[in-house]
Amino acid sequence: MKQFQYQRASTQQGVLEAISKPGTKIIAGGTNLVDHMKHGLIAPDKLVDITHLPLKGITPTKTGLHLGTLALNSVVSEDALVLQKQPLLSMALKAGASPQLRNMATVGGNMMQRTRCTYFYDTTMPCNKREPGTGCGAMEGYNRMHAIFGASAQCIAVHPSDMCVALAALDATVIVVGKKGQRHIPFTEFHRLPDDHPELDNHLAKDEMIIGVDIPDNNFAKNSYYLKVRDRQSYAFALVSVAAALDLSGGTIKKARLAMGGVAHKPWRLFEAEKFMEGKSVTEETFKQAAQIALQGAKAYEYNAFKLKLAPASIVEALKQASGLA
Amino acid sequence: MNKRTLNHPKSTTGTSRVDGRLKVTGGAKYAAEFNVKGLAYGVLVGATIAKGSIRSIDSKKAENAPGVLAVISHLNCPKIPGYAAEPAKAPIKIFYDDKVLYNGHAVALLIADTFERAQYAASLIKVEYNAQKHITSLKDNLGSAVAPPSDAEFKKGNPDAWQSAPFKVEQEYILPSEVHNPMELHAIVARWDAPDKLTVWDKTQGVKDTQSNLARIFGIPVENVQVHSKYVGGAFGSALQVWQHEVAAIIGAKVVKRPVKLMLTRADMFTSVGYRPLTWQKIGIGAAADGKLVGISHWATGQTSTYEDFAESPADVSRQLYACANLYTNNKILSLDVGSPIWMRGPGYATGTFALESAMDELSYQLNIDPVELRLINYAETDPETGKPYSGKSLREAYKMGAENIGWHSRPKKPGSMTEDGWLVGYGMSTGMFQADREPATVKATMNDDGSLILQTAVSDIGPGTATPMVLIASETMGIPIENIRFDLGDSAYPNAPQQGGSTIVSSVGSAVYLACIALKEKFQQLIGNGGTDKPDYAAVLKQHNLVKLEVVTDSKAGTEVDKYVMYSWSVHFIKVLVNPLTGVVKVDKATCVADSGRIISPKTARSQIIGGAIMGIGMALMEETVIDHRYGKVMNASFGDYHVPVQADIPQIEALFVNEPDLNINPLGAKGMGEISLIGMAAAVANAVYNATGKRVTELPITPDKLVGWGELS
């Protein structure tokens, strides 16, 4: 078998130096990366283990909450501050994977996980994401789990995360560091659409690493809900998921945040639908209209046409749950 | 055991499985865990086309990789003596020729000194193919179906009678292909002890069958083959035959002159060890206004491979379940470029009842007759197919028990009319049935002078806890505590027993245990002489007579009762579901399963058996489906991540109830099987409950949210 080196990093600088060389991959929880190695999707020369860096904290800041990139999904989901300030994030995390996986998976790792498209995983199949230029197996194939928004002629895969859908809705910011220093990326702009480069999942440069995520304070805690519709009630990826957060004043929507999972190459924030709801009253009719707006531009393939019905239905259900209308 | 104790909701009545502790502590050793001396490791290379031939195999790189001992393919495979005598339609003859019969068909075996090296080197083998046009879609090729070798057609009365009935249902159903997917992957450790002497540690449901099949294939005497299979981590039918990987490992062991271990991958489990065939069905059923059935016609077409004519005969249930003058059943098979299916829990009947019991439910709404009542109106007092009496049938009581337990009276009469916390509520029910067989079995029973009783027979245990009822039968018959009894199984050295399949083991082997104990007691009586107690202190008697042991070997089999009666086990499933009116997500909220399977010997393991079958049924109803990309003829969800079986969160409280009415016409114990009936009918009960909740009838399984979303429309 192909041998690889394993290095445990003790400093951020050490990680940056290690990843500046080609063939090196960062490993944290390893819940997805190890799969990729086992399936023969990647064969790195070196793994640099970052789990010993002091980046596990969940700390209040002046304007919100900071999650260290190494904070475990299970820890974040049960954290008192998260539950108090950002219950939507906790709900999304608990909807993902299994307790065993959440005990290993980190915030940064969750963001870096790759699509579960079966054509991506099957090395005998064409896949532009795995091997650019080979074609998209899913486009004319079994595409039940695939995108209805933002796909390209190259790739119709979806990003599998639940956590990221909540963070996209909550206006989070990703903090990354590279040789040139830190930069802050709005969460909604961290992941990218496939366009002509489906091999790229996000805008993190090859020589950068994620160090944390900031979530600004908000008034959504009382009225937020994460709905995940899936083929079984645990340990399945979303057919469609919805992160809904509302800031209500009496029966009126002051602010709304809405994002979907399982529908695009990135967490799919629904800005237009949010804007539509602001100032409207909390009624099922408002939610239905928002759902109609949300679906504008959606495009289905042979096996995922149901998502054109399931997505709006799920938006309405999530908003009803969030607003207490259910 | 009285019925109330047996059926108490919190009942833990009965003995825990006697090998339970070994299983949960890792003390039970499974086939792949026998790391015998000098072991080498095999990894199979599967074809990446669905039909055609191998043009070339480039294995140079692989052969030069570290630790590699051999690469075996049709190019260099030693001659297998048994292949020549195989009939035209037979399991795959591995490495026999250059033909590729399905995507995943093993075309080469790499053997190395470690598993990791074998796996890596196998990835270096380059195979080129001459691909031919393949056909893997059943739905697109139904017209090419043909009659199977047996059970093709049955006619009683007028086959078209249902059409002229005042109330009728005509409906088509699709049951997707399901994979057994036991936890334990199929594995074998093969060792040649001499050029004509073979030992295998193998996952199998029948050590004797595996022994005779391997002897035939390799042209050696049966007694020269030893098969060990003491623990099997689930099988559900997938280990009922010798598969190509087993033969490959044995060939490999011969070539490298070392023992070889070969364990399938999870992905291999989807292509190489059978599955429940994808099946199209159609039912035509008609009734008079009073609910009396006028006619049932049932057509079924299931997929098979090009190299075997496997037929499940799902339509048969429609000539066996209800009293009806006009019956017609028609089974067909369709050859596709896929691996062969094989029996899977509740074969035929699980498929057939989904159609028949869905149709009965639909008919009940048309007639406006309670679905349970409709079944009672058409209750068969004698076998509709042959007119013979049943050996035993207490199905009426099963309906009553189940209806009471689930609260059937509180169901919404009108679909879609009841909600709980915003979710739609629905109740559904279904009947299940499966033949109750008794196969020949032999048990050796040895009483030792320390008071221990050893029972030996070559049955396998695929998970139900077979030893437990056997020990209980012996304990009761001999009058000794279960701690003094050991039941040895899973080894070809023991006396003959049937495969563990078709829910026959308590009836067959249990009866043999019982009769062996009776015979042993008689032997003791002969020693003691007249007037001795029926259950003496066996150890004392032996010592008194200067004997270290006393043993009997007792044969047991069915007699003329099989000509007199038809024999079935029965089940009834009642289900309550909740359906989200917007997303179409279905949650099973309650399940009540009633078994009418004769006397319950081992209540605790029987309950586990029912619960396990019910869970599998929930999977069948709501999530299990093998998906093929027909462009490549390849299974696209061959993993536990993509092929869904239920998880804990999907499973509600399941009530397992037993009628517990002994059927003494089938065997001296009055016990019948329940492994199959626990599953059979479940899918229809869930689908019927979904209809009751929503008014939407789903006729193609599984009932995933996409099949329901939007049925009421968003507006």
# chains A, B, ... in the order shown; residues from 1 in each chain; ligands from 1
>>> interface_residues(of="chain A", to="chain B", cutoff="10 Å", atoms="only C-alpha atoms", output="JSON, numbers by chain")
{"A": [1, 2, 40, 116, 117, 118, 119, 121, 122, 124, 125, 137, 138, 140, 141, 142, 143, 144, 228, 229, 230, 231, 232, 233, 234, 235, 236, 237, 239, 240, 284, 285, 288, 303, 304, 305, 306, 307, 308, 309, 310, 311, 312, 313, 314, 315, 316, 317, 326]}
>>> residues_around(residues="Glu420 of chain B", least_positions_apart="5", cutoff="12 Å", atoms="only C-alpha atoms", output="NGL selection string")
(:A and (326)) or (:B and (412 or 425-426 or 576-581 or 589 or 693))
>>> atom_distance(atom1="atom CA of Asp337 of chain B", atom2="atom CA of Gln244 of chain B")
16.7 Å
>>> residues_around(residues="segment 463-468 of chain B", least_positions_apart="4", cutoff="10 Å", atoms="only C-alpha atoms", output="NGL selection string")
:B and (14-20 or 23 or 182 or 231-236 or 455 or 459 or 472-473 or 482 or 485-489 or 500 or 505-506 or 509-510 or 601-602 or 604-606 or 608-609 or 612 or 675)
>>> select_by_dssp(residues="segment 3-102 of chain A", states="alpha helix (DSSP H)", output="PyMOL selection string")
chain A and resi 12-19+33-38+73-78+80-85+87-95+99-102
>>> write_last_selection(atoms="N, CA, C and O atoms", output="compact mmCIF listing (two decimals), in the first residue's frame")
# COMPACT_ATOMS: atom_id res chain seq x y z
N GLN A 12 0.51 26.61 15.02
CA GLN A 12 -0.15 27.02 13.80
C GLN A 12 0.87 27.18 12.67
O GLN A 12 0.62 26.81 11.53
N GLN A 13 2.01 27.76 13.05
CA GLN A 13 3.07 27.98 12.08
C GLN A 13 3.52 26.66 11.46
O GLN A 13 3.71 26.55 10.25
N GLY A 14 3.61 25.67 12.33
CA GLY A 14 4.02 24.34 11.86
C GLY A 14 3.03 23.78 10.84
O GLY A 14 3.43 23.15 9.85
N VAL A 15 1.74 24.01 11.07
CA VAL A 15 0.73 23.53 10.14
C VAL A 15 0.89 24.23 8.80
O VAL A 15 0.91 23.60 7.75
N LEU A 16 1.07 25.56 8.87
CA LEU A 16 1.17 26.34 7.63
C LEU A 16 2.38 25.91 6.81
O LEU A 16 2.31 25.82 5.58
N GLU A 17 3.45 25.63 7.51
CA GLU A 17 4.64 25.15 6.79
C GLU A 17 4.39 23.80 6.15
O GLU A 17 4.74 23.56 4.99
N ALA A 18 3.75 22.93 6.90
CA ALA A 18 3.49 21.58 6.39
C ALA A 18 2.60 21.62 5.15
O ALA A 18 2.88 20.95 4.15
N ILE A 19 1.54 22.44 5.20
CA ILE A 19 0.60 22.41 4.06
C ILE A 19 1.10 23.23 2.87
O ILE A 19 0.49 23.20 1.80
N LEU A 33 -12.05 12.48 5.83
CA LEU A 33 -10.76 12.34 5.14
C LEU A 33 -10.31 10.87 5.07
O LEU A 33 -9.85 10.39 4.03
N VAL A 34 -10.48 10.16 6.17
CA VAL A 34 -10.04 8.76 6.20
C VAL A 34 -10.87 7.93 5.23
O VAL A 34 -10.36 7.04 4.54
N ASP A 35 -12.18 8.25 5.15
CA ASP A 35 -13.03 7.61 4.12
C ASP A 35 -12.44 7.81 2.73
O ASP A 35 -12.37 6.88 1.93
N HIS A 36 -12.04 9.04 2.45
CA HIS A 36 -11.50 9.34 1.12
C HIS A 36 -10.25 8.53 0.83
O HIS A 36 -10.04 8.07 -0.29
N MET A 37 -9.44 8.35 1.85
CA MET A 37 -8.22 7.55 1.66
C MET A 37 -8.57 6.08 1.45
O MET A 37 -8.02 5.41 0.59
N LYS A 38 -9.53 5.60 2.24
CA LYS A 38 -9.92 4.19 2.11
C LYS A 38 -10.55 3.89 0.75
O LYS A 38 -10.36 2.82 0.19
N ASN A 73 -18.11 18.73 17.27
CA ASN A 73 -19.53 18.90 16.95
C ASN A 73 -20.41 18.55 18.15
O ASN A 73 -21.38 19.23 18.44
N SER A 74 -20.05 17.48 18.86
CA SER A 74 -20.87 17.08 20.01
C SER A 74 -20.80 18.12 21.12
O SER A 74 -21.79 18.44 21.76
N VAL A 75 -19.60 18.68 21.34
CA VAL A 75 -19.43 19.68 22.39
C VAL A 75 -20.18 20.96 22.05
O VAL A 75 -20.89 21.53 22.87
N VAL A 76 -20.05 21.41 20.80
CA VAL A 76 -20.75 22.62 20.38
C VAL A 76 -22.26 22.44 20.55
O VAL A 76 -22.96 23.32 21.04
N SER A 77 -22.75 21.27 20.18
CA SER A 77 -24.20 21.06 20.19
C SER A 77 -24.78 21.08 21.60
O SER A 77 -25.96 21.31 21.78
N GLU A 78 -23.95 20.82 22.59
CA GLU A 78 -24.43 20.80 23.97
C GLU A 78 -23.94 21.99 24.78
O GLU A 78 -24.22 22.10 25.98
N ALA A 80 -23.57 25.38 26.66
CA ALA A 80 -24.61 26.22 27.27
C ALA A 80 -24.79 27.54 26.52
O ALA A 80 -25.92 27.98 26.29
N LEU A 81 -23.68 28.15 26.13
CA LEU A 81 -23.77 29.42 25.39
C LEU A 81 -24.41 29.24 24.03
O LEU A 81 -25.20 30.07 23.58
N VAL A 82 -24.05 28.17 23.38
CA VAL A 82 -24.64 27.88 22.05
C VAL A 82 -26.14 27.65 22.20
O VAL A 82 -26.95 28.20 21.45
N LEU A 83 -26.51 26.86 23.21
CA LEU A 83 -27.93 26.56 23.40
C LEU A 83 -28.71 27.84 23.73
O LEU A 83 -29.84 28.01 23.29
N GLN A 84 -28.06 28.73 24.47
CA GLN A 84 -28.74 29.96 24.87
C GLN A 84 -28.81 30.96 23.71
O GLN A 84 -29.85 31.51 23.41
N LYS A 85 -27.68 31.14 23.04
CA LYS A 85 -27.60 32.20 22.02
C LYS A 85 -27.96 31.71 20.62
O LYS A 85 -28.53 32.45 19.83
N PRO A 87 -29.48 28.42 19.42
CA PRO A 87 -30.03 27.05 19.46
C PRO A 87 -30.16 26.42 18.07
O PRO A 87 -30.10 25.20 17.94
N LEU A 88 -30.30 27.25 17.03
CA LEU A 88 -30.40 26.72 15.67
C LEU A 88 -29.17 25.88 15.32
O LEU A 88 -29.27 24.83 14.69
N LEU A 89 -28.01 26.37 15.75
CA LEU A 89 -26.76 25.65 15.46
C LEU A 89 -26.75 24.30 16.17
O LEU A 89 -26.36 23.29 15.58
N SER A 90 -27.20 24.30 17.42
CA SER A 90 -27.25 23.04 18.15
C SER A 90 -28.19 22.05 17.46
O SER A 90 -27.86 20.86 17.29
N MET A 91 -29.35 22.53 17.03
CA MET A 91 -30.31 21.64 16.36
C MET A 91 -29.71 21.07 15.07
O MET A 91 -29.88 19.89 14.77
N ALA A 92 -29.03 21.92 14.33
CA ALA A 92 -28.44 21.46 13.06
C ALA A 92 -27.37 20.41 13.32
O ALA A 92 -27.31 19.38 12.64
N LEU A 93 -26.53 20.66 14.32
CA LEU A 93 -25.47 19.70 14.62
C LEU A 93 -26.05 18.35 15.02
O LEU A 93 -25.59 17.30 14.58
N LYS A 94 -27.08 18.41 15.86
CA LYS A 94 -27.67 17.14 16.32
C LYS A 94 -28.39 16.40 15.20
O LYS A 94 -28.63 15.20 15.30
N ALA A 95 -28.75 17.11 14.15
CA ALA A 95 -29.39 16.45 13.01
C ALA A 95 -28.36 15.74 12.12
O ALA A 95 -28.73 14.94 11.26
N PRO A 99 -23.95 10.16 16.97
CA PRO A 99 -23.20 10.62 18.14
C PRO A 99 -21.71 10.26 18.06
O PRO A 99 -20.85 11.07 18.41
N GLN A 100 -21.42 9.05 17.56
CA GLN A 100 -20.02 8.64 17.47
C GLN A 100 -19.22 9.57 16.56
O GLN A 100 -18.11 9.98 16.88
N LEU A 101 -19.81 9.90 15.41
CA LEU A 101 -19.13 10.78 14.47
C LEU A 101 -19.02 12.20 15.03
O LEU A 101 -18.00 12.87 14.89
N ARG A 102 -20.08 12.66 15.69
CA ARG A 102 -20.05 14.02 16.24
C ARG A 102 -19.01 14.16 17.35
O ARG A 102 -18.52 15.25 17.62
>>> select_by_dssp(residues="segment 125-187 of chain B", states="strand (DSSP E)", output="PyMOL selection string")
chain B and resi 126-131+153-156+167-175+187
>>> residues_around(residues="Glu223 of chain B", least_positions_apart="4", cutoff="10 Å", atoms="only C-alpha atoms", output="PyMOL selection string")
chain B and resi 197-198+211-212+215+492-493
>>> write_last_selection(atoms="all heavy atoms", output="CSV table (one decimal), in the first residue's frame")
chain,number,residue,atom,x,y,z
B,197,LYS,N,-7.9,-33.2,1.2
B,197,LYS,CA,-8.6,-33.0,2.5
B,197,LYS,C,-8.7,-31.5,2.8
B,197,LYS,O,-7.6,-30.8,2.8
B,197,LYS,CB,-7.8,-33.7,3.6
B,197,LYS,CG,-8.2,-35.1,3.8
B,197,LYS,CD,-7.7,-35.6,5.2
B,197,LYS,CE,-8.3,-36.9,5.5
B,197,LYS,NZ,-7.6,-37.7,6.4
B,198,LEU,N,-9.9,-31.1,3.0
B,198,LEU,CA,-10.1,-29.6,3.1
B,198,LEU,C,-10.8,-29.3,4.4
B,198,LEU,O,-11.8,-29.9,4.8
B,198,LEU,CB,-11.0,-29.2,1.9
B,198,LEU,CG,-11.5,-27.8,1.8
B,198,LEU,CD1,-10.4,-26.8,1.6
B,198,LEU,CD2,-12.6,-27.7,0.7
B,211,GLN,N,-20.6,-28.7,3.1
B,211,GLN,CA,-19.7,-29.8,3.0
B,211,GLN,C,-19.9,-30.6,1.7
B,211,GLN,O,-19.0,-30.9,1.0
B,211,GLN,CB,-19.9,-30.7,4.2
B,211,GLN,CG,-19.0,-31.9,4.3
B,211,GLN,CD,-19.4,-32.9,5.4
B,211,GLN,OE1,-20.6,-33.1,5.6
B,211,GLN,NE2,-18.5,-33.5,6.0
B,212,SER,N,-21.2,-31.0,1.4
B,212,SER,CA,-21.4,-31.8,0.3
B,212,SER,C,-21.1,-31.0,-1.1
B,212,SER,O,-20.6,-31.6,-2.0
B,212,SER,CB,-22.8,-32.4,0.3
B,212,SER,OG,-23.8,-31.4,0.3
B,215,ALA,N,-17.4,-30.8,-1.6
B,215,ALA,CA,-16.9,-32.1,-2.0
B,215,ALA,C,-17.1,-32.3,-3.5
B,215,ALA,O,-16.3,-32.8,-4.2
B,215,ALA,CB,-17.5,-33.2,-1.1
B,492,SER,N,-19.7,-29.8,10.7
B,492,SER,CA,-20.1,-30.9,9.8
B,492,SER,C,-19.8,-32.2,10.4
B,492,SER,O,-20.2,-33.2,9.9
B,492,SER,CB,-19.4,-30.7,8.4
B,492,SER,OG,-18.0,-30.7,8.6
B,493,ALA,N,-19.0,-32.3,11.5
B,493,ALA,CA,-18.7,-33.5,12.1
B,493,ALA,C,-19.9,-34.1,12.9
B,493,ALA,O,-20.0,-35.3,13.2
B,493,ALA,CB,-17.5,-33.4,13.1
>>> atom_distance(atom1="atom CA of Arg411 of chain B", atom2="atom CA of Asp370 of chain B")
10.3 Å
>>> closest_residue(among="A:His197, A:Lys254, A:Lys280, A:His203", to="Gly135 of chain A", atoms="only C-alpha atoms")
A:His197
>>> residues_around(residues="Met263 of chain B", least_positions_apart="4", cutoff="8 Å", atoms="only C-alpha atoms", output="PyMOL selection string")
chain B and resi 32+42-43+185-188
>>> residues_around(residues="Asn218 of chain A", least_positions_apart="5", cutoff="12 Å", atoms="only C-alpha atoms", output="number ranges by chain")
A: 63-65, 84-88, 169-172, 223-224, 245-248, 254-257
>>> decode(residues="segment 208-223 of chain A", atoms="N, CA, C and O atoms", output="compact mmCIF listing (two decimals), in the first residue's frame")
# COMPACT_ATOMS: atom_id res chain seq x y z
N GLU A 208 -3.85 27.77 3.25
CA GLU A 208 -4.55 28.36 4.41
C GLU A 208 -5.22 27.28 5.25
O GLU A 208 -5.53 26.19 4.76
N MET A 209 -5.45 27.62 6.52
CA MET A 209 -6.24 26.74 7.37
C MET A 209 -7.32 27.55 8.09
O MET A 209 -7.18 28.74 8.32
N ILE A 210 -8.41 26.85 8.42
CA ILE A 210 -9.49 27.50 9.18
C ILE A 210 -9.07 27.52 10.64
O ILE A 210 -8.57 26.50 11.16
N ILE A 211 -9.27 28.67 11.31
CA ILE A 211 -8.99 28.64 12.76
C ILE A 211 -10.25 28.83 13.60
O ILE A 211 -10.25 28.51 14.79
N GLY A 212 -11.31 29.31 13.00
CA GLY A 212 -12.52 29.43 13.80
C GLY A 212 -13.66 30.06 13.04
O GLY A 212 -13.55 30.41 11.86
N VAL A 213 -14.78 30.18 13.74
CA VAL A 213 -15.99 30.77 13.17
C VAL A 213 -16.57 31.74 14.19
O VAL A 213 -16.65 31.41 15.38
N ASP A 214 -16.94 32.94 13.74
CA ASP A 214 -17.62 33.91 14.61
C ASP A 214 -19.10 33.96 14.24
O ASP A 214 -19.45 34.03 13.06
N ILE A 215 -19.95 33.95 15.28
CA ILE A 215 -21.38 34.11 15.03
C ILE A 215 -21.83 35.37 15.77
O ILE A 215 -21.68 35.45 17.00
N PRO A 216 -22.36 36.34 15.04
CA PRO A 216 -22.80 37.56 15.72
C PRO A 216 -24.06 37.32 16.56
O PRO A 216 -24.87 36.46 16.23
N ASP A 217 -24.20 38.08 17.65
CA ASP A 217 -25.41 37.97 18.46
C ASP A 217 -26.63 38.36 17.61
O ASP A 217 -26.53 39.16 16.68
N ASN A 218 -27.78 37.81 17.98
CA ASN A 218 -29.01 38.11 17.25
C ASN A 218 -30.19 37.90 18.17
O ASN A 218 -30.04 37.52 19.33
N ASN A 219 -31.35 38.12 17.64
CA ASN A 219 -32.58 37.91 18.43
C ASN A 219 -33.38 36.72 17.92
O ASN A 219 -34.60 36.71 17.98
N PHE A 220 -32.68 35.74 17.39
CA PHE A 220 -33.37 34.61 16.77
C PHE A 220 -33.60 33.43 17.72
O PHE A 220 -34.29 32.48 17.37
N ALA A 221 -32.99 33.50 18.90
CA ALA A 221 -32.96 32.30 19.75
C ALA A 221 -34.35 31.73 20.02
O ALA A 221 -34.54 30.52 20.03
N LYS A 222 -35.32 32.61 20.24
CA LYS A 222 -36.66 32.13 20.61
C LYS A 222 -37.39 31.49 19.43
O LYS A 222 -38.26 30.64 19.62
N ASN A 223 -37.07 31.92 18.23
CA ASN A 223 -37.84 31.48 17.07
C ASN A 223 -36.95 30.95 15.96
O ASN A 223 -36.87 31.53 14.87
